[in-house]
Protein chains: 2
Amino acid sequence: MDLALRRGFFFPSSEIYGGTAGLYDYGHLGTLLKHHFEENWRKFFLGLDQNFVEIDTCTIMPQAVFEGSGHLKSFNDPLTQCISCHRRHKADLLLEEKGIEAEGMTAQEMGDALSSNSVKCPVCGGELSPVHWFNMMFELGLGAADKGELERAYLRPETAQGCYVSFRRLFEVLRNQIPLGLAIIGRAYRNEISPRQGFYRLRELNQAELQIFFDPDSLHSHPDFSSVEHKKLRILSTADREAGEVREIPLKEVDIPEFYGYYMARVQDFYLSILQVPPHLFRFRELSENERAFYNKIHWDMEIYTESLGGFKEAGGIHYRTDHDLSGHQKGSGKKLEVNIQGKKFTPHVLELSFGVDRNLLMLMDTAYTQEEERVLLKFPALLAPYTVAVFPLVSKDGLVEVSKDIYTEISSTFNAFFDEKGSIGKRYRRQDEIGTPFCITIDYDTLEDSTVTLRDRDTMEQERVHRDSLVKTLREKIHK
Amino acid sequence: MDLALRRGFFFPSSEIYGGTAGLYDYGHLGTLLKHHFEENWRKFFLGLDQNFVEIDTCTIMPQAVFEGSGHLKSFNDPLTQCISCHRRHKADLLLEEKGIEAEGMTAQEMGDALSSNSVKCPVCGGELSPVHWFNMMFELGLGAADKGELERAYLRPETAQGCYVSFRRLFEVLRNQIPLGLAIIGRAYRNEISPRQGFYRLRELNQAELQIFFDPDSLHSHPDFSSVEHKKLRILSTADREAGEVREIPLKEVDIPEFYGYYMARVQDFYLSILQVPPHLFRFRELSENERAFYNKIHWDMEIYTESLGGFKEAGGIHYRTDHDLSGHQKGSGKKLEVNIQGKKFTPHVLELSFGVDRNLLMLMDTAYTQEEERVLLKFPALLAPYTVAVFPLVSKDGLVEVSKDIYTEISSTFNAFFDEKGSIGKRYRRQDEIGTPFCITIDYDTLEDSTVTLRDRDTMEQERVHRDSLVKTLREKIHK
């Protein structure tokens, strides 16, 4: 967190006004890291099928959408308030902190459990009010033209709804093909009662979600299944929980439908190959019927072991949502969302791949953070690092700056490059290590003679001489190796 | 608009629920176009100075920010309501439609002008209520932890505020250098009373804005001014308005400070060289003291002639905002926003380059739209087109599909490519013309013999044979020529 603040990855939003719980801003390095995560996500998941595309829909959606989706009725958190200091708390969280499982309780039951266990306000020790449900969506009034009153609308609590209400239009535009994948990378908003987990639980968050609309009769097959069936997945099923041991078993031996399993394998590829999360820090965790939303028939979370959060934490989930969403919106809007594929009529089912962008970045920073005797470094994969390469003139005289700037300009068109001429070379290396720049190039007096530069590797600190004409090629090879 | 809907550029948001005025969604082609616009914007403007960076801040900001910025007090529109049908209208718009200039009037004066000119409700003909000011920000309640009541917050009406409140942090992180440029590409929200201009006036909009913080003593110089001083700018100053003629004169002859002029020249470069807007469709228009916000000391808008909107329309603006913003937030937050550069203390001034992303895309589509005898095409520059190249097998047999898919996969790693095997070649060309794909590649029987393909140009419809091994190189040359 200190590093994130000091170097400009992220920091409390509207900081000069004291900040607000659950709101964080990205500085320049965080923004670059976020871009790189999103670009890689897009390339990987949209590359799985030519009929997977990205759309970008409004974050404000009218009330009717959330009547159709069910959020108005059920997107609630249990709220209790201190009758002395008036602070608001999540009742289930207070109970869980006392070791009482609140999952599945009614508001009344939570209120009873709070008082029978003498739970008090954690801040001032005051008595707590009865528990009631608090809807976590942010409500807005639109100054609508065609109505006298302000029209009620809400900020979307998940990007997914934008895909469901656009399904009909995109299905038609993309010439009536199933499966159809609609992805949105963007903001979602949740009015958390009392967010206390810093960057992990945000009121304004970024999601990358892909909704795959498919024929439910195809649930048990996938045309490319054979390419992944031997891949070993790292799983913790509900049955495995007693033992608490992650098992690593071939996909085809996991008891899940092929269509679901195929995407599970791909999601693991994304984490292990693209994001380069060390395998022992990754697992799929199956949610029990109690834990998952009633409309999710199958639900496994991706979890990353995150030191600073004290264990394995949810980075996203794969949700088989059946026809819950399209049927709800069909009923709510009165518009047919059924499809007709060569005479076969059905309401597509949805498989959702959902990623919390912010928490993934937090986890990537956490796993990349390394403390060595003389330095701190972020071991980001080269494709994710804010800057890929830094360029330094050894000294600021004798024409070294000019040559360095030339080289910087040359490689900038291909890589995210950073130029730095301030301080000792050692200090400049440390500054780059700390923000995860995988390569540094130093221009010295030899460069003036023979056009070679020093190329230094972040992790090994090894240095080699490379001719400036082959810098782009060499860097490209190292990045993709 | 028909093309935009039919092909998935953009469409009314939450369409199946009837849509909402001022809210539009981007389909897959619109999303690609938007990405390409934003990537080019970022590359061009952040490339102007190594101390220009992008940040990504929350769209929800606490009330105190808008007390500091002045928006709570003054971000208002004059509202009148029909006393019969209760529809809400913008009073100044109703007056302007009657040829009455409302600029600078008080609410009382507008109300008087409406009744003395017998202006009625444009929908039902009913009487209109007195005019009052309506704040155009969307208000939210945060379920704050440390207060009993919901904490008031607002959706930002411009991305700029995110930069102003983050200035102090970024200035420090970026090692105290001035000028400092902070860019945000993202959403802004305006509760327009009665948006009637479709995609041009949105309640949820995308902006690309760069705030340049600089020493006011440097207003009359810029280190790179000599590289742009001979560039001819297309301008319509307030003095030119009588004649109504755009003048094309060298920057150094325009009566504006060098620092401002330098960025004006760069903005024009962006429009003419990167976006490739035909010069006669572009101009800078100076705003008079009456028209511009009181804190903008110099204000020129970029305007694009947009057929579908009936003339030259605002695409963005260059605003010299002085120290208005930092001084306001310094007062509001009680935090020092003054800087100290080598012993010299001052509050930086702000030059803002502001672009409305959505309206720029609308304008680009408008200027690209071309109707020829046998086809409709969008003449997008290659760097902006949703797809750069489409790949077609001539027929779906004899192994042509397999070879085509190989070629598609090869070039996909470099370009946004699209694969299509459905319908006649003629129809496939038309479909790509219509969405602006600059190049099509057809794989035919000759390809099987000699590995050459047909490369077809969108605008000239000329075809040439190219060896598949040199496709990437040939395409790259054509794109950058």
# chains A, B, ... in the order shown; residues from 1 in each chain; ligands from 1
>>> select_by_dssp(residues="region 32-248 of chain A", states="alpha helix (DSSP H)", output="MDAnalysis selection string")
chainID A and resid 32:46 63:69 71:74 91:97 107:116 160:173
>>> write_last_selection(atoms="C-alpha atoms", output="PDB file, in the first residue's frame")
ATOM      1  CA  LEU A  32      -0.935   1.729 -17.337  1.00  0.00           C
ATOM      2  CA  LEU A  33      -1.144  -1.532 -15.368  1.00  0.00           C
ATOM      3  CA  LYS A  34      -4.936  -1.511 -15.712  1.00  0.00           C
ATOM      4  CA  HIS A  35      -4.718  -0.865 -19.469  1.00  0.00           C
ATOM      5  CA  HIS A  36      -2.313  -3.763 -19.882  1.00  0.00           C
ATOM      6  CA  PHE A  37      -4.504  -6.109 -17.847  1.00  0.00           C
ATOM      7  CA  GLU A  38      -7.545  -5.128 -19.903  1.00  0.00           C
ATOM      8  CA  GLU A  39      -5.743  -5.423 -23.249  1.00  0.00           C
ATOM      9  CA  ASN A  40      -4.539  -8.904 -22.380  1.00  0.00           C
ATOM     10  CA  TRP A  41      -7.972  -9.944 -21.091  1.00  0.00           C
ATOM     11  CA  ARG A  42      -9.621  -8.665 -24.271  1.00  0.00           C
ATOM     12  CA  LYS A  43      -7.120 -10.333 -26.567  1.00  0.00           C
ATOM     13  CA  PHE A  44      -7.322 -13.653 -24.744  1.00  0.00           C
ATOM     14  CA  PHE A  45     -11.065 -14.027 -24.156  1.00  0.00           C
ATOM     15  CA  LEU A  46     -12.378 -12.379 -27.327  1.00  0.00           C
ATOM     16  CA  GLN A  63     -35.539   1.260 -12.928  1.00  0.00           C
ATOM     17  CA  ALA A  64     -37.421  -1.204 -15.142  1.00  0.00           C
ATOM     18  CA  VAL A  65     -34.137  -2.997 -15.926  1.00  0.00           C
ATOM     19  CA  PHE A  66     -33.604  -3.795 -12.248  1.00  0.00           C
ATOM     20  CA  GLU A  67     -37.185  -4.878 -11.789  1.00  0.00           C
ATOM     21  CA  GLY A  68     -36.558  -7.345 -14.629  1.00  0.00           C
ATOM     22  CA  SER A  69     -33.195  -8.471 -13.285  1.00  0.00           C
ATOM     23  CA  HIS A  71     -31.875  -6.427  -8.236  1.00  0.00           C
ATOM     24  CA  LEU A  72     -34.456  -4.022  -6.854  1.00  0.00           C
ATOM     25  CA  LYS A  73     -35.892  -6.799  -4.761  1.00  0.00           C
ATOM     26  CA  SER A  74     -32.852  -8.771  -3.807  1.00  0.00           C
ATOM     27  CA  ALA A  91     -24.968  -7.036  10.341  1.00  0.00           C
ATOM     28  CA  ASP A  92     -23.681 -10.258   8.752  1.00  0.00           C
ATOM     29  CA  LEU A  93     -20.107  -9.021   8.995  1.00  0.00           C
ATOM     30  CA  LEU A  94     -20.496  -8.204  12.701  1.00  0.00           C
ATOM     31  CA  LEU A  95     -21.875 -11.696  13.295  1.00  0.00           C
ATOM     32  CA  GLU A  96     -19.138 -13.388  11.285  1.00  0.00           C
ATOM     33  CA  GLU A  97     -16.537 -11.501  13.288  1.00  0.00           C
ATOM     34  CA  ALA A 107     -33.112  -9.760   8.931  1.00  0.00           C
ATOM     35  CA  GLN A 108     -35.086 -10.641  12.062  1.00  0.00           C
ATOM     36  CA  GLU A 109     -32.825 -13.612  12.796  1.00  0.00           C
ATOM     37  CA  MET A 110     -29.719 -11.483  12.388  1.00  0.00           C
ATOM     38  CA  GLY A 111     -31.129  -8.866  14.738  1.00  0.00           C
ATOM     39  CA  ASP A 112     -31.904 -11.567  17.294  1.00  0.00           C
ATOM     40  CA  ALA A 113     -28.449 -13.101  16.916  1.00  0.00           C
ATOM     41  CA  LEU A 114     -26.815  -9.699  17.430  1.00  0.00           C
ATOM     42  CA  SER A 115     -28.645  -9.053  20.687  1.00  0.00           C
ATOM     43  CA  SER A 116     -28.511 -12.611  22.081  1.00  0.00           C
ATOM     44  CA  ALA A 160     -23.578  -8.000 -17.029  1.00  0.00           C
ATOM     45  CA  GLN A 161     -26.970  -6.275 -17.208  1.00  0.00           C
ATOM     46  CA  GLY A 162     -25.749  -4.160 -20.127  1.00  0.00           C
ATOM     47  CA  CYS A 163     -25.155  -7.356 -22.098  1.00  0.00           C
ATOM     48  CA  TYR A 164     -28.504  -8.916 -21.255  1.00  0.00           C
ATOM     49  CA  VAL A 165     -30.586  -5.927 -22.321  1.00  0.00           C
ATOM     50  CA  SER A 166     -28.479  -5.540 -25.506  1.00  0.00           C
ATOM     51  CA  PHE A 167     -28.572  -9.229 -26.385  1.00  0.00           C
ATOM     52  CA  ARG A 168     -31.468  -8.929 -28.834  1.00  0.00           C
ATOM     53  CA  ARG A 169     -29.862  -6.101 -30.819  1.00  0.00           C
ATOM     54  CA  LEU A 170     -26.422  -7.716 -31.002  1.00  0.00           C
ATOM     55  CA  PHE A 171     -27.796 -11.143 -31.847  1.00  0.00           C
ATOM     56  CA  GLU A 172     -29.476  -9.582 -34.873  1.00  0.00           C
ATOM     57  CA  VAL A 173     -26.501  -7.401 -35.856  1.00  0.00           C
TER      58      VAL A 173
END
>>> residues_around(residues="Ser227 (chain B)", least_positions_apart="4", cutoff="10 Å", atoms="only C-alpha atoms", output="ChimeraX atom specification")
/B:223,231,262,265
>>> select_by_dssp(residues="region 62-211 of chain A", states="strand (DSSP E)", output="PyMOL selection string")
chain A and resi 62+76-81+88-90+132-135+139-142+151-155+180-189+204-211
>>> closest_residue(among="A:Glu248, A:Cys85, A:Phe213, A:Asp366", to="Gly310 (chain A)", atoms="only C-alpha atoms")
A:Asp366
>>> residues_around(residues="Ile435 (chain B)", least_positions_apart="4", cutoff="9 Å", atoms="only C-alpha atoms", output="list of chain:residue names")
B:Leu3, B:Arg7, B:Phe9, B:Leu29, B:Leu377, B:Leu378, B:Lys379, B:Phe380, B:Ala385, B:Pro386, B:Tyr387, B:Arg430, B:Arg431
>>> write_last_selection(atoms="C-alpha atoms", output="CSV table (one decimal), in the first residue's frame")
chain,number,residue,atom,x,y,z
B,3,LEU,CA,-26.5,2.4,-40.4
B,7,ARG,CA,-24.5,-2.5,-38.0
B,9,PHE,CA,-22.1,1.2,-33.9
B,29,LEU,CA,-18.2,-1.8,-34.0
B,377,LEU,CA,-19.2,3.4,-47.5
B,378,LEU,CA,-17.5,4.8,-44.5
B,379,LYS,CA,-14.2,6.3,-45.5
B,380,PHE,CA,-12.5,6.0,-42.1
B,385,ALA,CA,-11.7,1.8,-38.8
B,386,PRO,CA,-13.2,-0.9,-36.5
B,387,TYR,CA,-11.6,-3.6,-38.6
B,430,ARG,CA,-20.4,-4.2,-49.5
B,431,ARG,CA,-20.8,-5.2,-45.9
>>> closest_residue(among="B:Ile443, B:Met136, B:Leu471, B:Met105", to="chain A", atoms="only C-alpha atoms")
B:Met136
>>> atom_distance(atom1="CA of His28 (chain A)", atom2="CA of Ser412 (chain B)")
29.4 Å
>>> atom_distance(atom1="CA of Leu150 (chain A)", atom2="CA of Gly125 (chain B)")
21.2 Å
>>> atom_distance(atom1="CA of Arg456 (chain A)", atom2="CA of Leu383 (chain A)")
17.1 Å
